[in-house]
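Colleague: Shown below is the structure under consideration.
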Amino acid sequence: MKVYEKDRVFQRATKVGWMAAQGSQITISGIDFAFCPVRRNKSLTIDVFEVSSGTLTASVPIDIVDIYICGARDTAIEFYKDEIAPAIIFKINHFGIDEMKSEIERMKKQMISDFGERPKIVDLEEENNEI
């Protein structure tokens with residue numbers, strides 16, 4: 001498991017096109033995933049999607065204690081590794097790495113066909129410097 005040092009703005013695949021989401025990149029079994037906190041009404045989830053295709057892999061609701069714990073990047077990363085990554089590893093093992101990679105490629109081609117090339121992924125520090 002590899003954790004990237006900088007948070008980034010990723011592009012998630014949705015039914016209406018590419019949508020920006022901010023989070024942390026973690027590589028699991030050679031596949032890059034974005035772990036992004038998403039607020040929905042009064043709740044918070046961690047959406048995990050594959051980086052190149054934007055394909056949602058998991059959406060994990062977290063409670064108020066977890067929100068407090070995830071207040072700092074280092075503790076959020078530890079939470080992702082300890083609490084959420086095992087579910088991703090389970091899915092990879094369940095479906096098989098080749099099947100996962102095949103589905104990622106299929107979804108990537110579909111999104112490009114429907115909505116064009118994925119917008120650039122940007123490091124948050126770079127984005128903040130451009131302002």
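Chain lettering (A, B, ...) mirrors the order of the structure tokens, residue numbering begins at 1 for each chain separately, and ligand numbering begins at 1 in order of display.
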If you run DSSP on the backbone, which residues of chain A are strand (DSSP E), as a ChimeraX atom specification?
Modeller: /A:2-3,8-14,17-28,31-40,43-50,56-62,122-123
Colleague: Once DSSP has gone over the backbone, tell me which residues of stretch 11-96 of chain A are in helix (DSSP H, G or I), as a ChimeraX atom specification.
Modeller: /A:64-69,73-95
Colleague: Counting only C-alpha atoms, which of A:Val3, A:Ala20, A:Ala58, A:Met107 gets nearest to A:Phe90?
Modeller: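 Using only C-alpha atoms, A:Phe90 sits closest to A:Ala58.
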Colleague: Which residues are close to A:Ile88, i.e. within 12 Å by only C-alpha atoms, leaving aside same-chain residues fewer than 5 positions away? Reply as a PDB file with N, CA and C atoms, in the first residue's frame.
Modeller:
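So the final result, stored in result.pdb, reads:
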ATOM      1  N   MET A   1       0.855  -1.168   0.000  1.00  0.00           N
ATOM      2  CA  MET A   1       0.000   0.000   0.000  1.00  0.00           C
ATOM      3  C   MET A   1       0.905   1.236   0.000  1.00  0.00           C
ATOM      4  N   ILE A  26      -4.261   6.589  -2.621  1.00  0.00           N
ATOM      5  CA  ILE A  26      -3.626   5.422  -2.026  1.00  0.00           C
ATOM      6  C   ILE A  26      -3.622   4.316  -3.077  1.00  0.00           C
ATOM      7  N   THR A  27      -2.457   3.727  -3.292  1.00  0.00           N
ATOM      8  CA  THR A  27      -2.318   2.620  -4.238  1.00  0.00           C
ATOM      9  C   THR A  27      -2.445   1.308  -3.471  1.00  0.00           C
ATOM     10  N   ILE A  28      -3.369   0.465  -3.938  1.00  0.00           N
ATOM     11  CA  ILE A  28      -3.609  -0.841  -3.331  1.00  0.00           C
ATOM     12  C   ILE A  28      -3.534  -1.878  -4.442  1.00  0.00           C
ATOM     13  N   SER A  29      -2.671  -2.867  -4.291  1.00  0.00           N
ATOM     14  CA  SER A  29      -2.509  -3.938  -5.283  1.00  0.00           C
ATOM     15  C   SER A  29      -2.238  -3.381  -6.679  1.00  0.00           C
ATOM     16  N   ILE A  31      -3.303  -0.615  -7.986  1.00  0.00           N
ATOM     17  CA  ILE A  31      -4.387   0.218  -8.513  1.00  0.00           C
ATOM     18  C   ILE A  31      -4.469   1.480  -7.663  1.00  0.00           C
ATOM     19  N   ASP A  32      -4.523   2.642  -8.332  1.00  0.00           N
ATOM     20  CA  ASP A  32      -4.617   3.921  -7.628  1.00  0.00           C
ATOM     21  C   ASP A  32      -6.071   4.232  -7.302  1.00  0.00           C
ATOM     22  N   PHE A  33      -6.321   4.529  -6.023  1.00  0.00           N
ATOM     23  CA  PHE A  33      -7.651   4.891  -5.556  1.00  0.00           C
ATOM     24  C   PHE A  33      -7.619   6.270  -4.915  1.00  0.00           C
ATOM     25  N   ALA A  34      -8.703   7.016  -5.073  1.00  0.00           N
ATOM     26  CA  ALA A  34      -8.879   8.299  -4.404  1.00  0.00           C
ATOM     27  C   ALA A  34      -9.840   8.080  -3.237  1.00  0.00           C
ATOM     28  N   PHE A  35      -9.438   8.502  -2.052  1.00  0.00           N
ATOM     29  CA  PHE A  35     -10.264   8.434  -0.852  1.00  0.00           C
ATOM     30  C   PHE A  35     -10.725   9.858  -0.580  1.00  0.00           C
ATOM     31  N   ASP A  47     -15.930   8.390  -0.070  1.00  0.00           N
ATOM     32  CA  ASP A  47     -16.090   7.734  -1.362  1.00  0.00           C
ATOM     33  C   ASP A  47     -14.709   7.323  -1.854  1.00  0.00           C
ATOM     34  N   VAL A  48     -14.608   6.096  -2.296  1.00  0.00           N
ATOM     35  CA  VAL A  48     -13.354   5.573  -2.820  1.00  0.00           C
ATOM     36  C   VAL A  48     -13.596   5.231  -4.278  1.00  0.00           C
ATOM     37  N   PHE A  49     -12.810   5.850  -5.153  1.00  0.00           N
ATOM     38  CA  PHE A  49     -12.948   5.529  -6.564  1.00  0.00           C
ATOM     39  C   PHE A  49     -11.586   5.365  -7.204  1.00  0.00           C
ATOM     40  N   GLU A  50     -11.573   4.573  -8.289  1.00  0.00           N
ATOM     41  CA  GLU A  50     -10.338   4.322  -9.025  1.00  0.00           C
ATOM     42  C   GLU A  50      -9.976   5.599  -9.764  1.00  0.00           C
ATOM     43  N   LEU A  56     -16.501   4.548  -9.017  1.00  0.00           N
ATOM     44  CA  LEU A  56     -16.745   4.394  -7.589  1.00  0.00           C
ATOM     45  C   LEU A  56     -16.560   2.930  -7.195  1.00  0.00           C
ATOM     46  N   THR A  57     -15.750   2.708  -6.161  1.00  0.00           N
ATOM     47  CA  THR A  57     -15.485   1.362  -5.673  1.00  0.00           C
ATOM     48  C   THR A  57     -16.209   1.102  -4.358  1.00  0.00           C
ATOM     49  N   ALA A  58     -16.267   2.135  -3.514  1.00  0.00           N
ATOM     50  CA  ALA A  58     -16.940   2.000  -2.222  1.00  0.00           C
ATOM     51  C   ALA A  58     -17.369   3.374  -1.733  1.00  0.00           C
ATOM     52  N   SER A  59     -18.451   3.393  -0.970  1.00  0.00           N
ATOM     53  CA  SER A  59     -18.910   4.606  -0.311  1.00  0.00           C
ATOM     54  C   SER A  59     -19.205   4.211   1.130  1.00  0.00           C
ATOM     55  N   VAL A  60     -18.368   4.698   2.043  1.00  0.00           N
ATOM     56  CA  VAL A  60     -18.425   4.253   3.429  1.00  0.00           C
ATOM     57  C   VAL A  60     -18.899   5.392   4.328  1.00  0.00           C
ATOM     58  N   TYR A  80      -8.134   5.701   6.890  1.00  0.00           N
ATOM     59  CA  TYR A  80      -8.372   5.074   5.580  1.00  0.00           C
ATOM     60  C   TYR A  80      -7.677   3.720   5.504  1.00  0.00           C
ATOM     61  N   LYS A  81      -6.417   3.688   5.931  1.00  0.00           N
ATOM     62  CA  LYS A  81      -5.639   2.444   5.850  1.00  0.00           C
ATOM     63  C   LYS A  81      -6.203   1.363   6.767  1.00  0.00           C
ATOM     64  N   ASP A  82      -6.602   1.752   7.979  1.00  0.00           N
ATOM     65  CA  ASP A  82      -7.064   0.770   8.961  1.00  0.00           C
ATOM     66  C   ASP A  82      -8.520   0.360   8.782  1.00  0.00           C
ATOM     67  N   GLU A  83      -9.381   1.310   8.401  1.00  0.00           N
ATOM     68  CA  GLU A  83     -10.815   1.059   8.410  1.00  0.00           C
ATOM     69  C   GLU A  83     -11.450   0.863   7.028  1.00  0.00           C
ATOM     70  N   ASN A  93      -9.647  -8.990  -3.927  1.00  0.00           N
ATOM     71  CA  ASN A  93      -9.449 -10.433  -3.766  1.00  0.00           C
ATOM     72  C   ASN A  93     -10.676 -11.222  -4.215  1.00  0.00           C
ATOM     73  N   HIS A  94     -11.861 -10.683  -3.947  1.00  0.00           N
ATOM     74  CA  HIS A  94     -13.104 -11.370  -4.307  1.00  0.00           C
ATOM     75  C   HIS A  94     -13.287 -11.456  -5.826  1.00  0.00           C
ATOM     76  N   PHE A  95     -13.098 -10.325  -6.524  1.00  0.00           N
ATOM     77  CA  PHE A  95     -13.312 -10.292  -7.971  1.00  0.00           C
ATOM     78  C   PHE A  95     -12.070 -10.675  -8.765  1.00  0.00           C
ATOM     79  N   GLY A  96     -10.900 -10.545  -8.156  1.00  0.00           N
ATOM     80  CA  GLY A  96      -9.648 -10.837  -8.845  1.00  0.00           C
ATOM     81  C   GLY A  96      -9.073  -9.570  -9.464  1.00  0.00           C
ATOM     82  N   ILE A  97      -7.773  -9.439  -9.396  1.00  0.00           N
ATOM     83  CA  ILE A  97      -7.107  -8.231  -9.881  1.00  0.00           C
ATOM     84  C   ILE A  97      -7.313  -8.044 -11.385  1.00  0.00           C
ATOM     85  N   MET A 100     -10.834  -6.750 -11.995  1.00  0.00           N
ATOM     86  CA  MET A 100     -10.919  -5.338 -11.566  1.00  0.00           C
ATOM     87  C   MET A 100     -10.289  -4.429 -12.615  1.00  0.00           C
TER      88      MET A 100
END
Colleague: Report, in Å with one decimal, the straight-line distance from atom CA of A:Thr55 to atom CA of A:Cys36.
Modeller: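 A separation of 12.8 Å between them.
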Colleague: How far is it from atom CA of A:Ile77 to atom CA of A:Asp7, in Å with one decimal?
Modeller: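 Atom CA of A:Ile77 sits 10.5 Å away from atom CA of A:Asp7.
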Colleague: Find the distance between atom CA of A:Arg118 and atom CA of A:Phe10 and write it in Å to one decimal.
Modeller: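 Spanning atom CA of A:Arg118 to atom CA of A:Phe10 is a straight-line distance of 9.5 Å.
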Colleague: Between A:Ala72, A:Arg106, A:Ser52, A:Arg8, which residue has the minimum interatomic distance to A:Ala21, considering only C-alpha atoms?
Modeller: A:Arg8
Colleague: From the options A:Thr45, A:Val51, A:Glu5, A:Ile92, which residue's atoms come nearest to A:Ile121, counting only C-alpha atoms?
Modeller: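 Using only C-alpha atoms, the shortest distance to A:Ile121 belongs to A:Val51.
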Colleague: Using only C-alpha atoms, pick whichever of A:Gln110, A:Tyr4, A:Val122, A:Gly30 has the shortest atom-to-atom distance to A:Ile89.
Modeller: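 Residue with the minimum atom-to-atom distance to A:Ile89: A:Gly30.
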